[in-house]
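Reproduced below: input-v8.txt, with compact mmCIF, C-alpha atoms.
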# COMPACT_ATOMS: atom_id res chain seq x y z
CA MET F 22 0.00 0.00 0.00
CA PHE F 23 2.68 2.43 1.07
CA ARG F 24 4.92 1.39 -1.79
CA THR F 25 2.10 1.89 -4.31
CA THR F 26 1.54 5.35 -2.87
CA ILE F 27 5.20 6.24 -3.27
CA ARG F 28 5.24 4.88 -6.81
CA ARG F 29 2.20 6.97 -7.73
CA ALA F 30 3.70 10.04 -6.11
CA ILE F 31 6.91 9.58 -8.08
CA ARG F 32 4.95 9.12 -11.31
CA LEU F 33 3.01 12.33 -10.65
CA THR F 34 6.01 14.44 -9.69
CA ALA F 35 8.87 13.06 -11.80
CA GLY F 36 7.97 15.08 -14.92
CA PRO F 37 7.72 18.47 -13.25
CA ALA F 38 10.82 17.76 -11.13
CA LEU F 39 12.89 16.91 -14.21
CA ALA F 40 11.63 19.96 -16.09
CA LEU F 41 12.45 22.11 -13.08
CA ALA F 42 15.99 20.71 -12.82
CA LEU F 43 16.64 21.32 -16.52
CA ALA F 44 15.21 24.85 -16.41
CA THR F 45 17.29 25.70 -13.35
CA ALA F 46 20.47 24.35 -14.94
CA ALA F 47 19.82 26.31 -18.13
CA LEU F 48 19.07 29.58 -16.37
CA ALA F 49 21.68 29.50 -13.61
CA HIS F 50 23.46 32.81 -13.71
CA HIS F 51 24.37 34.44 -10.49
CA GLY F 52 25.78 31.44 -8.66
CA TRP F 53 29.20 30.25 -9.82
CA SER F 54 27.83 28.81 -13.07
CA GLY F 55 27.29 32.35 -14.40
CA TYR F 56 31.07 32.83 -14.40
CA ASP F 57 33.57 31.29 -16.77
CA ALA F 58 35.95 29.21 -14.64
CA SER F 59 38.04 28.36 -17.72
CA LYS F 60 39.24 32.00 -17.89
CA PRO F 61 40.60 32.82 -14.44
CA VAL F 62 41.55 36.47 -13.96
CA ASN F 63 44.27 37.55 -11.55
CA VAL F 64 44.54 41.32 -11.09
CA THR F 65 45.93 43.81 -8.62
CA GLY F 66 44.42 47.26 -8.30
CA THR F 67 42.99 49.90 -6.03
CA ILE F 68 39.59 49.66 -4.35
CA LYS F 69 37.47 52.62 -5.52
CA GLU F 70 34.32 51.63 -3.68
CA ALA F 71 33.21 48.72 -1.55
CA GLY F 72 29.90 47.28 -0.40
CA TYR F 73 29.76 45.02 2.63
CA GLU F 74 26.21 43.96 1.83
CA HIS F 75 23.80 41.09 1.47
CA PRO F 76 23.43 39.02 -0.56
CA HIS F 77 27.05 39.56 -1.77
CA GLY F 78 29.70 42.09 -0.95
CA TYR F 79 31.57 43.75 -3.81
CA VAL F 80 34.43 46.08 -4.62
CA ARG F 81 35.03 48.30 -7.61
CA LEU F 82 38.66 47.56 -8.35
CA GLU F 83 40.59 49.95 -10.57
CA VAL F 84 43.32 48.23 -12.57
CA PRO F 85 45.27 49.76 -15.46
CA GLY F 86 42.74 50.48 -18.22
CA LYS F 87 39.68 49.05 -16.46
CA VAL F 88 37.42 49.09 -13.40
CA TRP F 89 36.29 45.61 -12.40
CA VAL F 90 33.13 45.08 -10.40
CA VAL F 91 34.30 42.21 -8.22
CA THR F 92 31.54 40.17 -6.58
CA LEU F 93 32.67 38.84 -3.21
CA ALA F 94 30.91 36.61 -0.63
CA PRO F 95 28.02 37.32 1.75
CA PRO F 96 29.25 39.67 4.51
CA SER F 97 28.57 37.06 7.21
CA ARG F 98 31.00 34.67 5.47
CA MET F 99 33.65 37.37 4.96
CA GLU F 100 33.40 38.39 8.61
CA ASN F 101 33.73 34.74 9.64
CA ARG F 102 36.91 34.39 7.61
CA GLY F 103 38.47 37.55 8.97
CA LEU F 104 37.81 39.93 6.07
CA SER F 105 36.22 42.86 7.89
CA SER F 106 34.49 45.79 6.22
CA ALA F 107 37.32 48.05 7.46
CA MET F 108 39.79 46.11 5.27
CA LEU F 109 37.80 46.95 2.12
CA LYS F 110 38.14 50.74 2.42
CA ALA F 111 38.49 52.83 -0.74
CA GLY F 112 42.12 53.50 -1.61
CA THR F 113 43.32 50.11 -0.38
CA SER F 114 45.37 47.95 -2.75
CA ALA F 115 43.96 44.48 -3.37
CA THR F 116 44.73 41.43 -5.49
CA VAL F 117 41.88 39.20 -6.59
CA MET F 118 41.64 35.92 -8.43
CA GLY F 119 38.26 35.32 -9.98
CA TYR F 120 36.25 34.34 -13.01
CA PRO F 121 34.68 36.74 -15.51
CA SER F 122 30.90 36.96 -15.81
CA ARG F 123 29.50 35.30 -18.90
CA THR F 124 27.18 38.29 -19.46
CA ASP F 125 28.84 41.41 -18.02
CA PRO F 126 32.43 41.98 -19.28
CA ASN F 127 33.17 44.28 -16.32
CA GLU F 128 32.11 41.87 -13.59
CA MET F 129 33.92 38.95 -12.05
CA ARG F 130 33.29 36.70 -9.09
CA ALA F 131 36.28 36.39 -6.79
CA GLU F 132 37.60 33.04 -5.63
CA TRP F 133 39.90 34.86 -3.20
CA ILE F 134 41.01 38.36 -2.36
CA ALA F 135 44.37 39.35 -0.89
CA ILE F 136 44.74 42.57 1.12
CA ASP F 137 47.88 43.52 3.07
CA GLY F 138 49.34 40.04 2.54
CA LYS F 139 46.25 38.33 3.96
CA THR F 140 44.37 36.06 1.53
CA THR F 141 40.69 35.32 2.14
CA GLN F 142 38.95 32.47 0.34
CA LEU F 143 35.47 33.58 -0.67
CA ARG F 144 33.78 30.48 -2.03
CA MET R 1 25.66 46.82 -6.84
CA HIS R 2 22.40 47.86 -8.47
CA PRO R 3 22.06 51.59 -7.69
CA PRO R 4 18.81 52.61 -5.95
CA GLU R 5 17.32 54.15 -9.08
CA GLY R 6 13.80 53.85 -10.39
CA PRO R 7 10.27 54.82 -9.32
CA ALA R 8 10.33 57.14 -6.29
CA TRP R 9 8.33 54.83 -4.03
CA LEU R 10 10.75 51.96 -4.69
CA VAL R 11 13.76 54.20 -4.05
CA ALA R 12 12.10 55.27 -0.77
CA ILE R 13 11.65 51.62 0.26
CA GLU R 14 15.19 50.66 -0.71
CA THR R 15 16.83 53.60 1.06
CA SER R 16 14.76 53.17 4.25
CA GLY R 17 16.50 52.34 7.50
CA PHE R 18 14.96 48.89 7.51
CA ALA R 19 16.14 48.03 3.98
CA ALA R 20 19.64 49.26 4.86
CA ALA R 21 19.60 47.03 7.94
CA MET R 22 18.59 44.09 5.72
CA ARG R 23 21.66 44.69 3.57
CA HIS R 24 24.17 45.61 6.27
CA TRP R 25 23.35 43.71 9.43
CA LEU R 26 25.38 40.53 9.30
CA TRP R 27 22.67 38.06 10.31
CA LEU R 28 19.35 39.78 9.60
CA TYR R 29 19.17 38.76 5.95
CA PRO R 30 19.97 35.08 6.60
CA ILE R 31 17.44 34.97 9.45
CA VAL R 32 14.72 36.46 7.24
CA GLU R 33 15.60 33.92 4.53
CA ILE R 34 15.22 31.10 7.06
CA VAL R 35 11.80 32.41 8.12
CA HIS R 36 10.80 32.59 4.45
CA ILE R 37 11.90 29.00 3.85
CA LEU R 38 10.07 27.72 6.96
CA GLY R 39 6.99 29.62 5.80
CA PHE R 40 6.87 28.11 2.34
CA VAL R 41 7.70 24.65 3.68
CA LEU R 42 4.41 24.90 5.62
CA LEU R 43 2.40 26.70 2.95
CA VAL R 44 3.55 24.80 -0.12
CA GLY R 45 4.01 21.52 1.77
CA ALA R 46 0.40 21.63 2.97
CA ALA R 47 -0.83 22.51 -0.53
CA VAL R 48 1.14 19.67 -2.15
CA MET R 49 -0.09 17.08 0.38
CA PHE R 50 -3.69 18.18 -0.17
CA ASP R 51 -3.27 18.21 -3.96
CA LEU R 52 -1.87 14.67 -3.95
CA ARG R 53 -4.89 13.52 -1.94
CA LEU R 54 -7.22 15.12 -4.49
CA LEU R 55 -5.34 13.25 -7.21
CA GLY R 56 -6.18 9.96 -5.54
CA ILE R 57 -3.23 9.24 -3.25
CA SER R 58 -4.19 7.81 0.18
CA PRO R 59 -7.92 7.62 -0.69
CA ARG R 60 -8.79 6.38 2.81
CA ILE R 61 -8.01 9.75 4.37
CA PRO R 62 -11.21 11.85 4.26
CA VAL R 63 -10.59 14.96 2.17
CA SER R 64 -12.51 17.11 4.66
CA ASP R 65 -10.36 15.89 7.60
CA LEU R 66 -7.18 16.53 5.66
CA ALA R 67 -8.40 20.02 4.74
CA ARG R 68 -9.18 20.78 8.40
CA HIS R 69 -5.73 19.54 9.40
CA LEU R 70 -3.71 21.32 6.72
CA LEU R 71 -5.46 24.65 6.25
CA PRO R 72 -4.39 26.20 9.61
CA TRP R 73 -0.77 25.23 8.87
CA SER R 74 -0.83 26.78 5.45
CA ARG R 75 -2.23 29.99 7.02
CA ILE R 76 0.67 30.03 9.48
CA GLY R 77 2.99 29.49 6.53
CA LEU R 78 1.44 32.45 4.74
CA GLY R 79 1.93 34.54 7.88
CA LEU R 80 5.66 33.76 7.71
CA VAL R 81 6.32 34.07 3.96
CA ALA R 82 4.53 37.37 3.38
CA PRO R 83 6.40 39.62 5.85
CA SER R 84 9.77 37.92 5.23
CA GLY R 85 9.25 38.22 1.47
CA LEU R 86 8.43 41.92 1.78
CA ALA R 87 11.53 42.39 3.95
CA MET R 88 13.79 40.83 1.29
CA PHE R 89 12.04 42.84 -1.42
CA SER R 90 12.76 46.07 0.46
CA ALA R 91 16.52 45.39 0.33
CA HIS R 92 16.55 45.26 -3.51
CA ALA R 93 13.25 46.88 -4.52
CA THR R 94 14.54 48.74 -7.61
CA GLU R 95 16.54 45.74 -8.80
CA TRP R 96 13.80 43.14 -8.39
CA ILE R 97 11.14 45.28 -10.05
CA GLU R 98 13.20 44.89 -13.27
CA ASN R 99 13.58 41.14 -12.83
CA PRO R 100 11.20 39.03 -14.96
CA ALA R 101 11.33 36.22 -12.38
CA PHE R 102 9.91 38.62 -9.79
CA TRP R 103 6.89 39.56 -11.95
CA LEU R 104 6.30 35.97 -12.92
CA LYS R 105 6.45 34.95 -9.27
CA LEU R 106 3.90 37.59 -8.22
CA SER R 107 1.58 36.57 -11.08
CA LEU R 108 1.81 32.88 -10.16
CA ILE R 109 1.06 33.68 -6.49
CA VAL R 110 -2.06 35.58 -7.55
CA LEU R 111 -3.13 32.65 -9.75
CA ALA R 112 -2.45 30.13 -6.97
CA GLY R 113 -4.55 32.21 -4.57
CA LEU R 114 -7.33 32.50 -7.12
CA ASN R 115 -7.20 28.74 -7.75
CA ALA R 116 -7.48 28.00 -4.01
CA TRP R 117 -10.31 30.51 -3.63
CA ILE R 118 -12.30 29.02 -6.52
CA PHE R 119 -11.74 25.53 -5.11
CA HIS R 120 -13.01 26.44 -1.64
CA ARG R 121 -15.83 28.64 -2.92
CA TRP R 122 -17.31 26.05 -5.30
CA THR R 123 -15.61 22.68 -5.79
CA PHE R 124 -15.11 21.87 -2.11
CA ARG R 125 -18.80 22.48 -1.29
CA SER R 126 -19.76 19.00 -2.51
CA VAL R 127 -16.92 17.24 -0.64
CA ALA R 128 -19.38 15.05 1.32
CA THR R 129 -20.06 13.05 -1.85
CA TRP R 130 -16.37 12.37 -2.61
CA ASP R 131 -14.82 12.52 0.86
CA ARG R 132 -13.12 9.09 0.78
CA GLN R 133 -12.55 6.01 -1.36
CA VAL R 134 -13.99 7.64 -4.50
CA ALA R 135 -12.26 9.75 -7.10
CA ALA R 136 -12.53 13.51 -6.63
CA PRO R 137 -14.50 15.31 -9.38
CA ALA R 138 -12.63 16.52 -12.44
CA ALA R 139 -12.80 20.13 -11.22
CA ALA R 140 -11.05 19.16 -7.97
CA ARG R 141 -8.36 17.20 -9.80
CA ALA R 142 -7.83 20.04 -12.27
CA SER R 143 -7.44 22.47 -9.38
CA ALA R 144 -4.92 20.09 -7.74
CA VAL R 145 -2.82 19.88 -10.93
CA ALA R 146 -2.97 23.67 -11.31
CA SER R 147 -1.97 24.15 -7.67
CA LEU R 148 1.02 21.79 -7.98
CA ALA R 149 2.24 23.49 -11.15
CA LEU R 150 1.69 27.01 -9.78
CA TRP R 151 3.50 26.40 -6.47
CA VAL R 152 6.43 24.69 -8.18
CA GLY R 153 6.55 27.75 -10.43
CA VAL R 154 6.44 30.16 -7.48
CA VAL R 155 9.32 28.39 -5.70
CA THR R 156 11.29 28.21 -8.96
CA CYS R 157 10.86 31.93 -9.66
CA GLY R 158 11.77 32.77 -6.07
CA ARG R 159 15.04 30.90 -6.38
CA LEU R 160 15.77 32.24 -9.86
CA LEU R 161 15.48 35.81 -8.54
CA ALA R 162 19.05 35.38 -7.36
CA TYR R 163 20.25 33.98 -10.69
CA LEU R 164 18.69 36.21 -13.34
Take the structure in the file and write it out as structure tokens.
Amino acid sequence: MFRTTIRRAIRLTAGPALALALATAALAHHGWSGYDASKPVNVTGTIKEAGYEHPHGYVRLEVPGKVWVVTLAPPSRMENRGLSSAMLKAGTSATVMGYPSRTDPNEMRAEWIAIDGKTTQLR
Amino acid sequence: MHPPEGPAWLVAIETSGFAAAMRHWLWLYPIVEIVHILGFVLLVGAAVMFDLRLLGISPRIPVSDLARHLLPWSRIGLGLVAPSGLAMFSAHATEWIENPAFWLKLSLIVLAGLNAWIFHRWTFRSVATWDRQVAAPAAARASAVASLALWVGVVTCGRLLAYL
């Protein structure tokens, strides 16, 4: 009886669940899949502006010839790993390794950020 | 990163002290997200269980008993999702208003509400004749299929808000 119920439930829900999984995979953008991990970027520059905000912190990093918008981690994670908001002040020099956005040529998501010789993993 | 630019009322919401707290307090945003998740676990979970019963699963459970059991829980769920959803909206009001997933989600919520209202207003009235062991009428089954599809859509759009 119970097994029949489960089988019926699976039959009723399998189609929508599969469609949902495929749609999600195709549309994924903002998580790591929206960034091209095959083209890692490693740059050093000066922080012009920083946001220690949910859902993700960010810095505008000026490097020769370009200003990257670097997406960081949620502030709670950065705080946990010792990257305080005070360390992201404008004018500070920072090195980041990250992956460029597949849609916005000026944005990247940082795997790590190094400030004053201290590297913080952001994933 | 999205600047607070757009319709004045949205800018006012996004630049309010509460919205700023949502963005800047370390744990407020995650807590509100947790409340939102608990809320839709109750709301959507109750709806899915009821829909499956209408579609013929566990036919020995009287539909009216199941409705009496689940409805209060889905109301509690609604009481959690609505304020937490508004709180998250306030933090990115001008950004979300431009997000197609946001508009689709709102539309699907309206349709899901309408579907539930129609079901309770008309279809459910005759429940005594199909309470247990017999198939629910076509209208009830259609409303169950619609409800399942709509709620899956709502949850999908909610999650995709962060990815589009």
> When you draw a straight line from CA of Val91 in chain F to CA of Ser122 in chain F, how long is it in Å?
Replying inline: 9.8 Å
>> For range 99-115 of chain F, find every residue with an atom within 7 Å (counting all atoms listed in the file), except residues of its own chain fewer than 2 positions away, and show them as a PyMOL selection string.
In response: chain F and resi 65-71+73+94-97+117+134-136+141
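All chain R residues having an atom within 6 Å of chain F, based on only C-alpha atoms, amount to Arg23, His24, Leu26, Tyr163 and Leu164 of chain R.
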>> Just want the 8 Å neighbourhood of range 36-51 of chain R, counted on all atoms listed in the file, with same-chain residues fewer than 3 positions away dropped. Output as a list in words.
In response: Val32, Glu33, Leu54, Leu55, Val63, Leu66, Ala67, Leu70, Leu71, Trp73, Ser74, Arg75, Ile76, Gly77, Leu78, Gly79, Leu80, Val81, Ala82, Ser84, Gly85, Arg141, Ala144, Val145, Ser147, Leu148 and Trp151 of chain R
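For the atom pair formed by CA of Pro100 in chain R and CA of Gly158 in chain R, the distance is 10.9 Å, given to one decimal.
Coordinates place CA of Arg144 in chain F at a distance of 16.4 Å from CA of Ala162 in chain R.
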Please return, as a CSV table (one decimal) with C-alpha atoms, in the frame of the given file, all polymer residues that have at least one atom within 12 Å of the point (-10.2, 9.2, -11.4); use all atoms listed in the file and the file's own coordinate frame.
chain,number,residue,atom,x,y,z
R,53,ARG,CA,-4.9,13.5,-1.9
R,54,LEU,CA,-7.2,15.1,-4.5
R,55,LEU,CA,-5.3,13.2,-7.2
R,56,GLY,CA,-6.2,10.0,-5.5
R,57,ILE,CA,-3.2,9.2,-3.2
R,59,PRO,CA,-7.9,7.6,-0.7
R,130,TRP,CA,-16.4,12.4,-2.6
R,133,GLN,CA,-12.6,6.0,-1.4
R,134,VAL,CA,-14.0,7.6,-4.5
R,135,ALA,CA,-12.3,9.8,-7.1
R,136,ALA,CA,-12.5,13.5,-6.6
R,137,PRO,CA,-14.5,15.3,-9.4
R,138,ALA,CA,-12.6,16.5,-12.4
R,139,ALA,CA,-12.8,20.1,-11.2
R,140,ALA,CA,-11.0,19.2,-8.0
R,141,ARG,CA,-8.4,17.2,-9.8
R,142,ALA,CA,-7.8,20.0,-12.3
